[in-house]
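So this block is target.pdb, PDB, C-alpha atoms, pLDDT in the B column:
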ATOM      1  CA  MET P   1       1.523  27.151  54.674  1.00 84.00           C
ATOM      2  CA  PHE P   2       4.076  24.812  56.246  1.00 91.00           C
ATOM      3  CA  ASN P   3       6.010  27.738  57.706  1.00 89.00           C
ATOM      4  CA  VAL P   4       2.800  29.086  59.259  1.00 93.00           C
ATOM      5  CA  TYR P   5       2.008  25.751  60.912  1.00 95.00           C
ATOM      6  CA  ALA P   6       5.645  25.367  61.975  1.00 96.00           C
ATOM      7  CA  THR P   7       5.582  28.772  63.650  1.00 96.00           C
ATOM      8  CA  ILE P   8       2.354  27.984  65.505  1.00 97.00           C
ATOM      9  CA  ALA P   9       3.661  24.631  66.770  1.00 97.00           C
ATOM     10  CA  LEU P  10       7.034  26.105  67.706  1.00 97.00           C
ATOM     11  CA  ARG P  11       5.518  28.971  69.669  1.00 97.00           C
ATOM     12  CA  GLN P  12       3.329  26.475  71.523  1.00 98.00           C
ATOM     13  CA  ALA P  13       6.475  24.544  72.421  1.00 98.00           C
ATOM     14  CA  ILE P  14       8.157  27.723  73.651  1.00 98.00           C
ATOM     15  CA  GLU P  15       5.204  28.589  75.884  1.00 98.00           C
ATOM     16  CA  GLN P  16       5.166  25.074  77.312  1.00 98.00           C
ATOM     17  CA  LEU P  17       8.909  25.243  78.000  1.00 97.00           C
ATOM     18  CA  ARG P  18       8.380  28.441  79.959  1.00 97.00           C
ATOM     19  CA  GLU P  19       5.658  26.725  81.956  1.00 97.00           C
ATOM     20  CA  GLY P  20       7.809  23.669  82.653  1.00 96.00           C
ATOM     21  CA  MET P  21       5.662  21.343  80.502  1.00 97.00           C
ATOM     22  CA  MET P  22       8.597  19.446  79.028  1.00 97.00           C
ATOM     23  CA  HIS P  23       6.706  16.444  77.663  1.00 97.00           C
ATOM     24  CA  GLU P  24       4.186  18.604  75.822  1.00 97.00           C
ATOM     25  CA  ALA P  25       6.961  20.878  74.506  1.00 98.00           C
ATOM     26  CA  THR P  26       8.830  17.857  73.189  1.00 98.00           C
ATOM     27  CA  ALA P  27       5.757  16.734  71.258  1.00 98.00           C
ATOM     28  CA  HIS P  28       5.301  20.182  69.707  1.00 98.00           C
ATOM     29  CA  LEU P  29       8.958  20.334  68.695  1.00 98.00           C
ATOM     30  CA  ALA P  30       8.535  16.980  66.947  1.00 97.00           C
ATOM     31  CA  ARG P  31       5.475  18.331  65.118  1.00 97.00           C
ATOM     32  CA  THR P  32       7.413  21.450  64.109  1.00 97.00           C
ATOM     33  CA  THR P  33      10.166  19.269  62.646  1.00 97.00           C
ATOM     34  CA  VAL P  34       7.674  17.514  60.372  1.00 96.00           C
ATOM     35  CA  TYR P  35       6.516  20.865  59.008  1.00 96.00           C
ATOM     36  CA  VAL P  36      10.072  22.107  58.492  1.00 95.00           C
ATOM     37  CA  GLN P  37      10.929  18.952  56.560  1.00 93.00           C
ATOM     38  CA  GLY P  38       8.182  19.946  54.129  1.00 91.00           C
ATOM     39  CA  PHE P  39       9.520  23.451  53.403  1.00 86.00           C
ATOM     40  CA  ALA P  40      11.758  22.581  50.459  1.00 76.00           C
ATOM     41  CA  PRO P  41       9.475  20.027  48.761  1.00 76.00           C
ATOM     42  CA  ALA P  42       6.519  22.400  49.072  1.00 73.00           C
ATOM     43  CA  GLY P  43       8.541  25.250  47.616  1.00 63.00           C
ATOM     44  CA  ARG P  44       9.420  23.178  44.584  1.00 56.00           C
ATOM     45  CA  THR P  45       5.878  21.972  43.913  1.00 47.00           C
ATOM     46  CA  PRO P  46       4.340  23.850  40.943  1.00 47.00           C
ATOM     47  CA  GLN P  47       1.570  26.196  41.902  1.00 48.00           C
ATOM     48  CA  PRO P  48      -1.505  25.937  39.645  1.00 48.00           C
ATOM     49  CA  CYS P  49      -2.792  29.148  38.130  1.00 48.00           C
ATOM     50  CA  PRO P  50      -6.181  29.172  36.324  1.00 49.00           C
ATOM     51  CA  PRO P  51      -6.155  30.920  32.912  1.00 49.00           C
ATOM     52  CA  THR P  52      -8.654  33.493  34.183  1.00 52.00           C
ATOM     53  CA  SER P  53      -6.676  34.318  37.306  1.00 48.00           C
ATOM     54  CA  THR P  54      -5.488  37.910  37.714  1.00 47.00           C
ATOM     55  CA  THR P  55      -3.368  37.188  40.777  1.00 49.00           C
ATOM     56  CA  PRO P  56       0.410  37.532  40.159  1.00 48.00           C
ATOM     57  CA  PRO P  57       2.051  34.090  40.357  1.00 46.00           C
ATOM     58  CA  SER P  58       4.871  32.952  42.619  1.00 47.00           C
ATOM     59  CA  ALA P  59       5.984  29.900  40.645  1.00 46.00           C
ATOM     60  CA  PRO P  60       7.377  29.219  37.129  1.00 47.00           C
ATOM     61  CA  SER P  61       4.304  27.111  36.342  1.00 44.00           C
ATOM     62  CA  CYS P  62       2.396  30.354  35.812  1.00 45.00           C
ATOM     63  CA  PRO P  63       4.793  32.655  33.903  1.00 43.00           C
ATOM     64  CA  THR P  64       3.945  36.300  33.497  1.00 45.00           C
ATOM     65  CA  VAL P  65       5.307  39.725  34.385  1.00 49.00           C
ATOM     66  CA  VAL P  66       4.682  40.902  37.934  1.00 54.00           C
ATOM     67  CA  PRO P  67       4.660  44.567  39.016  1.00 57.00           C
ATOM     68  CA  VAL P  68       7.333  44.122  41.734  1.00 57.00           C
ATOM     69  CA  PRO P  69      10.417  41.888  42.072  1.00 53.00           C
ATOM     70  CA  LEU P  70       9.630  38.657  43.897  1.00 53.00           C
ATOM     71  CA  SER P  71      12.021  38.745  46.840  1.00 56.00           C
ATOM     72  CA  GLY P  72      12.546  36.739  50.001  1.00 57.00           C
ATOM     73  CA  SER P  73      12.017  39.950  51.963  1.00 58.00           C
ATOM     74  CA  MET P  74       8.312  39.574  51.129  1.00 64.00           C
ATOM     75  CA  HIS P  75       8.058  36.280  53.062  1.00 74.00           C
ATOM     76  CA  VAL P  76       6.569  37.615  56.289  1.00 83.00           C
ATOM     77  CA  GLU P  77       5.502  34.170  57.490  1.00 86.00           C
ATOM     78  CA  TYR P  78       8.980  32.752  57.004  1.00 85.00           C
ATOM     79  CA  ARG P  79      10.551  35.619  58.942  1.00 90.00           C
ATOM     80  CA  GLN P  80       8.130  34.891  61.775  1.00 94.00           C
ATOM     81  CA  TYR P  81       9.289  31.280  61.763  1.00 94.00           C
ATOM     82  CA  ARG P  82      12.933  32.387  61.957  1.00 93.00           C
ATOM     83  CA  ASP P  83      12.065  34.663  64.884  1.00 95.00           C
ATOM     84  CA  ALA P  84      10.486  31.693  66.640  1.00 96.00           C
ATOM     85  CA  VAL P  85      13.637  29.600  66.129  1.00 96.00           C
ATOM     86  CA  ASP P  86      15.708  32.385  67.686  1.00 95.00           C
ATOM     87  CA  GLU P  87      13.290  32.542  70.604  1.00 97.00           C
ATOM     88  CA  LEU P  88      13.494  28.788  71.135  1.00 97.00           C
ATOM     89  CA  LEU P  89      17.273  28.968  71.440  1.00 96.00           C
ATOM     90  CA  GLU P  90      16.964  31.802  73.946  1.00 96.00           C
ATOM     91  CA  VAL P  91      14.563  29.748  76.070  1.00 97.00           C
ATOM     92  CA  LEU P  92      16.518  26.505  75.642  1.00 96.00           C
ATOM     93  CA  PRO P  93      20.218  27.450  75.259  1.00 96.00           C
ATOM     94  CA  GLU P  94      21.785  24.393  76.925  1.00 96.00           C
ATOM     95  CA  SER P  95      24.210  22.248  74.962  1.00 96.00           C
ATOM     96  CA  ILE P  96      22.893  18.865  73.882  1.00 96.00           C
ATOM     97  CA  GLU P  97      25.122  17.125  76.443  1.00 96.00           C
ATOM     98  CA  ASP P  98      23.800  19.174  79.352  1.00 96.00           C
ATOM     99  CA  LEU P  99      20.170  19.007  78.262  1.00 97.00           C
ATOM    100  CA  ALA P 100      20.283  15.275  77.536  1.00 97.00           C
ATOM    101  CA  ARG P 101      21.351  14.565  81.124  1.00 96.00           C
ATOM    102  CA  HIS P 102      17.989  15.610  82.538  1.00 96.00           C
ATOM    103  CA  GLU P 103      15.675  15.854  79.485  1.00 97.00           C
ATOM    104  CA  PRO P 104      16.940  13.465  76.797  1.00 97.00           C
ATOM    105  CA  GLY P 105      13.689  13.426  74.824  1.00 97.00           C
ATOM    106  CA  LEU P 106      13.617  17.207  74.686  1.00 98.00           C
ATOM    107  CA  ALA P 107      17.297  17.384  73.725  1.00 97.00           C
ATOM    108  CA  PHE P 108      16.848  15.037  70.790  1.00 98.00           C
ATOM    109  CA  ALA P 109      13.610  16.709  69.677  1.00 98.00           C
ATOM    110  CA  ARG P 110      15.404  20.079  69.576  1.00 98.00           C
ATOM    111  CA  GLU P 111      18.302  18.445  67.730  1.00 97.00           C
ATOM    112  CA  ALA P 112      15.952  16.975  65.108  1.00 97.00           C
ATOM    113  CA  LEU P 113      14.391  20.387  64.529  1.00 97.00           C
ATOM    114  CA  LEU P 114      17.756  22.140  64.174  1.00 97.00           C
ATOM    115  CA  GLU P 115      19.016  19.460  61.801  1.00 96.00           C
ATOM    116  CA  ALA P 116      15.868  19.812  59.675  1.00 95.00           C
ATOM    117  CA  ASP P 117      16.303  23.575  59.714  1.00 95.00           C
ATOM    118  CA  LEU P 118      19.903  23.256  58.545  1.00 94.00           C
ATOM    119  CA  ILE P 119      19.017  20.773  55.810  1.00 92.00           C
ATOM    120  CA  GLU P 120      16.299  23.163  54.652  1.00 90.00           C
ATOM    121  CA  ALA P 121      18.961  25.839  54.128  1.00 86.00           C
ATOM    122  CA  GLU P 122      21.143  23.398  52.216  1.00 87.00           C
ATOM    123  CA  ARG P 123      18.235  22.371  50.013  1.00 86.00           C
ATOM    124  CA  ARG P 124      17.577  25.999  49.151  1.00 80.00           C
ATOM    125  CA  VAL P 125      21.019  26.149  47.589  1.00 80.00           C
ATOM    126  CA  THR P 126      20.588  22.909  45.648  1.00 79.00           C
ATOM    127  CA  LEU P 127      17.119  23.897  44.442  1.00 75.00           C
ATOM    128  CA  VAL P 128      18.105  27.403  43.359  1.00 72.00           C
ATOM    129  CA  GLU P 129      21.372  26.553  41.582  1.00 68.00           C
ATOM    130  CA  PRO P 130      19.839  24.438  38.754  1.00 72.00           C
ATOM    131  CA  VAL P 131      17.319  27.224  38.093  1.00 72.00           C
ATOM    132  CA  VAL P 132      19.522  30.325  38.113  1.00 73.00           C
ATOM    133  CA  GLY P 133      23.043  28.936  37.792  1.00 71.00           C
ATOM    134  CA  SER P 134      25.537  31.762  38.299  1.00 75.00           C
ATOM    135  CA  GLU P 135      22.962  34.490  37.714  1.00 74.00           C
ATOM    136  CA  ARG P 136      22.036  37.145  40.252  1.00 69.00           C
ATOM    137  CA  SER P 137      18.609  37.312  41.836  1.00 66.00           C
ATOM    138  CA  LEU P 138      16.042  39.869  40.724  1.00 62.00           C
ATOM    139  CA  VAL P 139      16.798  42.143  43.672  1.00 62.00           C
ATOM    140  CA  GLN P 140      20.597  42.157  43.332  1.00 65.00           C
ATOM    141  CA  PRO P 141      22.293  45.160  41.700  1.00 70.00           C
ATOM    142  CA  PRO P 142      24.395  44.480  38.570  1.00 75.00           C
ATOM    143  CA  ALA P 143      27.639  45.568  40.290  1.00 76.00           C
ATOM    144  CA  THR P 144      27.403  43.070  43.153  1.00 75.00           C
ATOM    145  CA  MET P 145      30.133  40.463  43.558  1.00 79.00           C
ATOM    146  CA  ASP P 146      27.571  37.864  44.708  1.00 81.00           C
ATOM    147  CA  ASN P 147      24.981  35.845  42.865  1.00 79.00           C
ATOM    148  CA  ALA P 148      21.774  34.257  44.134  1.00 76.00           C
ATOM    149  CA  VAL P 149      23.494  31.037  45.228  1.00 79.00           C
ATOM    150  CA  SER P 150      26.468  32.691  46.945  1.00 81.00           C
ATOM    151  CA  VAL P 151      24.063  34.749  49.081  1.00 79.00           C
ATOM    152  CA  LEU P 152      22.247  31.606  50.192  1.00 80.00           C
ATOM    153  CA  ARG P 153      25.364  29.707  51.247  1.00 85.00           C
ATOM    154  CA  PRO P 154      26.274  31.949  54.213  1.00 83.00           C
ATOM    155  CA  MET P 155      22.712  31.532  55.507  1.00 85.00           C
ATOM    156  CA  ARG P 156      23.422  27.828  55.802  1.00 87.00           C
ATOM    157  CA  HIS P 157      26.736  28.538  57.546  1.00 90.00           C
ATOM    158  CA  VAL P 158      25.271  30.808  60.209  1.00 89.00           C
ATOM    159  CA  ARG P 159      22.611  28.262  61.064  1.00 92.00           C
ATOM    160  CA  ALA P 160      25.286  25.580  61.334  1.00 92.00           C
ATOM    161  CA  ALA P 161      27.384  27.788  63.605  1.00 92.00           C
ATOM    162  CA  LYS P 162      24.431  28.532  65.873  1.00 92.00           C
ATOM    163  CA  ALA P 163      23.449  24.861  66.164  1.00 92.00           C
ATOM    164  CA  ALA P 164      26.938  23.372  66.486  1.00 92.00           C
ATOM    165  CA  CYS P 165      26.850  22.761  70.247  1.00 93.00           C
ATOM    166  CA  LEU P 166      23.136  21.946  70.262  1.00 96.00           C
ATOM    167  CA  VAL P 167      23.384  18.841  68.057  1.00 95.00           C
ATOM    168  CA  ARG P 168      25.567  15.753  68.274  1.00 95.00           C
ATOM    169  CA  PHE P 169      27.160  16.129  64.854  1.00 92.00           C
ATOM    170  CA  GLY P 170      27.590  19.874  64.553  1.00 89.00           C
ATOM    171  CA  ASP P 171      29.622  21.746  61.959  1.00 89.00           C
ATOM    172  CA  HIS P 172      32.368  22.836  64.335  1.00 88.00           C
ATOM    173  CA  LEU P 173      34.627  24.012  61.510  1.00 86.00           C
ATOM    174  CA  VAL P 174      32.140  26.742  60.606  1.00 87.00           C
ATOM    175  CA  ALA P 175      31.364  27.466  64.255  1.00 87.00           C
ATOM    176  CA  ALA P 176      35.054  27.996  64.997  1.00 86.00           C
ATOM    177  CA  VAL P 177      35.280  30.961  62.623  1.00 80.00           C
ATOM    178  CA  ALA P 178      31.908  32.526  63.459  1.00 72.00           C
ATOM    179  CA  ARG P 179      31.385  35.477  65.749  1.00 58.00           C
ATOM    180  CA  PRO P 180      28.159  36.866  67.326  1.00 53.00           C
ATOM    181  CA  SER P 181      26.271  39.479  65.355  1.00 49.00           C
ATOM    182  CA  ARG P 182      25.624  42.871  66.969  1.00 42.00           C
ATOM    183  CA  ARG P 183      22.689  43.749  64.776  1.00 39.00           C
ATOM    184  CA  PRO P 184      19.445  42.053  63.775  1.00 38.00           C
ATOM    185  CA  ASP P 185      19.872  39.549  60.985  1.00 43.00           C
ATOM    186  CA  SER P 186      17.689  38.888  58.016  1.00 41.00           C
ATOM    187  CA  ALA P 187      16.743  35.487  56.683  1.00 41.00           C
ATOM    188  CA  HIS P 188      16.565  37.062  53.248  1.00 40.00           C
ATOM    189  CA  PRO P 189      19.213  39.776  52.901  1.00 39.00           C
ATOM    190  CA  ARG P 190      18.130  42.825  50.956  1.00 37.00           C
ATOM    191  CA  ARG P 191      21.654  43.632  49.846  1.00 35.00           C
ATOM    192  CA  ALA P 192      23.970  41.258  48.052  1.00 34.00           C
ATOM    193  CA  THR P 193      26.738  41.954  50.560  1.00 36.00           C
ATOM    194  CA  ALA P 194      24.665  40.747  53.499  1.00 37.00           C
ATOM    195  CA  ARG P 195      26.174  37.757  55.318  1.00 38.00           C
ATOM    196  CA  THR P 196      23.509  37.133  57.906  1.00 42.00           C
ATOM    197  CA  ASP P 197      20.643  34.867  58.765  1.00 50.00           C
ATOM    198  CA  ARG P 198      17.994  35.290  61.417  1.00 45.00           C
ATOM    199  CA  SER P 199      18.917  31.912  62.862  1.00 39.00           C
ATOM    200  CA  GLY P 200      22.451  32.691  63.956  1.00 38.00           C
ATOM    201  CA  PRO P 201      25.552  34.841  64.240  1.00 37.00           C
ATOM    202  CA  LEU P 202      27.321  36.893  61.622  1.00 39.00           C
ATOM    203  CA  LEU P 203      30.081  34.929  59.974  1.00 43.00           C
ATOM    204  CA  ASN P 204      33.695  35.911  59.827  1.00 41.00           C
ATOM    205  CA  PRO P 205      34.711  36.433  56.160  1.00 39.00           C
ATOM    206  CA  GLU P 206      37.022  33.413  56.475  1.00 39.00           C
ATOM    207  CA  VAL P 207      33.945  31.182  56.231  1.00 39.00           C
ATOM    208  CA  THR P 208      33.259  32.226  52.665  1.00 38.00           C
ATOM    209  CA  ARG P 209      36.774  31.192  51.705  1.00 38.00           C
ATOM    210  CA  LEU P 210      36.188  27.741  53.146  1.00 39.00           C
ATOM    211  CA  HIS P 211      33.342  27.259  50.699  1.00 38.00           C
ATOM    212  CA  PRO P 212      34.295  28.977  47.410  1.00 36.00           C
TER     213      PRO P 212
END
Output the structure of this file as structure tokens.
Amino acid sequence: MFNVYATIALRQAIEQLREGMMHEATAHLARTTVYVQGFAPAGRTPQPCPPTSTTPPSAPSCPTVVPVPLSGSMHVEYRQYRDAVDELLEVLPESIEDLARHEPGLAFAREALLEADLIEAERRVTLVEPVVGSERSLVQPPATMDNAVSVLRPMRHVRAAKAACLVRFGDHLVAAVARPSRRPDSAHPRRATARTDRSGPLLNPEVTRLHP
């Protein structure tokens, strides 16, 4: 539910930015950040499943066989959140230095959101690795050269590249070897070879060699 609330608050902020309501937009960005900070902890919290329930589970606390692979491509709400982040950066593309000159509160609220968004991507890696190790995800073909963790890492990199000039302490090493994507990205790639994320550009292959 956090991603639903985050999307609602973020879209309110976007509308207020378009209407010139900077103070109100700043408050909604701060609220969005709180929700985003809850993504990873909420995802790790066991989901109770009554013994009589016939609903397929989405957490290890309720093990059973489900009729379809559980894949990130099923997370419609999360994709909507990623779309909203992209829209925010289209509406508010100024660097943090330029924005802070005339709207410092707004600049730092956007920075806090982008930092939380980046940390959320990093936590996905650290939460998944102890569970699956070097194994592939359920939706990856056996012949792929990637595993579940190696697919998640480039998602973190593309977010870092997108946010580099929008935060004070950006990952400029990753940004330096990134290039803009010419096609829509997916927050949850369907193919193991995908190197994209809805929050940013497509990475040059050199990035993957920086982080083996």
Q) What separation in Å, quoted to one decimal, exists between atom CA of P:Tyr81 and atom CA of P:Ala112? A)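 Spanning atom CA of P:Tyr81 to atom CA of P:Ala112 is a straight-line distance of 16.1 Å.
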Q. With distances taken over all atoms listed in the file, which of P:Glu122, P:Glu87, P:Glu77, P:Glu135 is nearest to P:Leu10?
A.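 Checking each candidate against P:Leu10, we get P:Glu87 as the closest.
Nearest to P:Gln12 of all the residues P:Ala84, P:Leu99, P:Val132, P:Ala109 is P:Ala84, counting all atoms listed in the file.
Taking atom CA of P:Leu29 as the reference point, atom CA of P:Ala100 is found at 15.2 Å.
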Q.
I'd like the contact shell of P:Arg156 - 9 Å cut-off, all atoms listed in the file, skipping same-chain residues fewer than 6 positions apart - returned as a PyMOL selection string.
A. chain P and resi 118-122+125+197
(Q) Quick check, in Å to one decimal: how far apart do atom CA of P:Glu24 and atom CA of P:Ala160 lie? (A)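 Calculated distance between atom CA of P:Glu24 and atom CA of P:Ala160 is 26.5 Å.
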(Q) Let me make sure I understand: among P:Asp117, P:Asp171, P:Glu19, P:Asp98, which one has the smallest atom-to-atom distance to P:Val85 if we use only C-alpha atoms? (A)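 Distance minimum relative to P:Val85 lands on P:Asp117.
Between P:Arg82 and the candidates P:Leu17, P:Thr26, P:Ala143, P:Val36, the tightest atom-to-atom separation, counting only C-alpha atoms, involves P:Val36.
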Q | Residues within 12 Å of (5.9, 19.0, 55.5), counting only C-alpha atoms, listed as a ChimeraX atom specification | A | /P:1-6,30-43,45,116,120
Q. So, counting all atoms listed in the file, which residue among P:Asp83, P:Arg159, P:His75, P:Leu106 is closest to P:Gln16?
A. P:Leu106
Q) Which residue gives the smallest distance to P:Pro154 among P:Arg124, P:Arg110, P:Arg11, P:His172, with only C-alpha atoms counted? A) P:Arg124
(Q) I'd like the residues picked by the PyMOL selection byres ((chain P and resi 166) around 7) written out as a list in words, using the chain letters and numbers from the file. (A)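 Answer for the PyMOL selection byres ((chain P and resi 166) around 7): Ser95, Ile96, Glu111, Ala163, Ala164, Cys165, Val167 and Arg168 of chain P.
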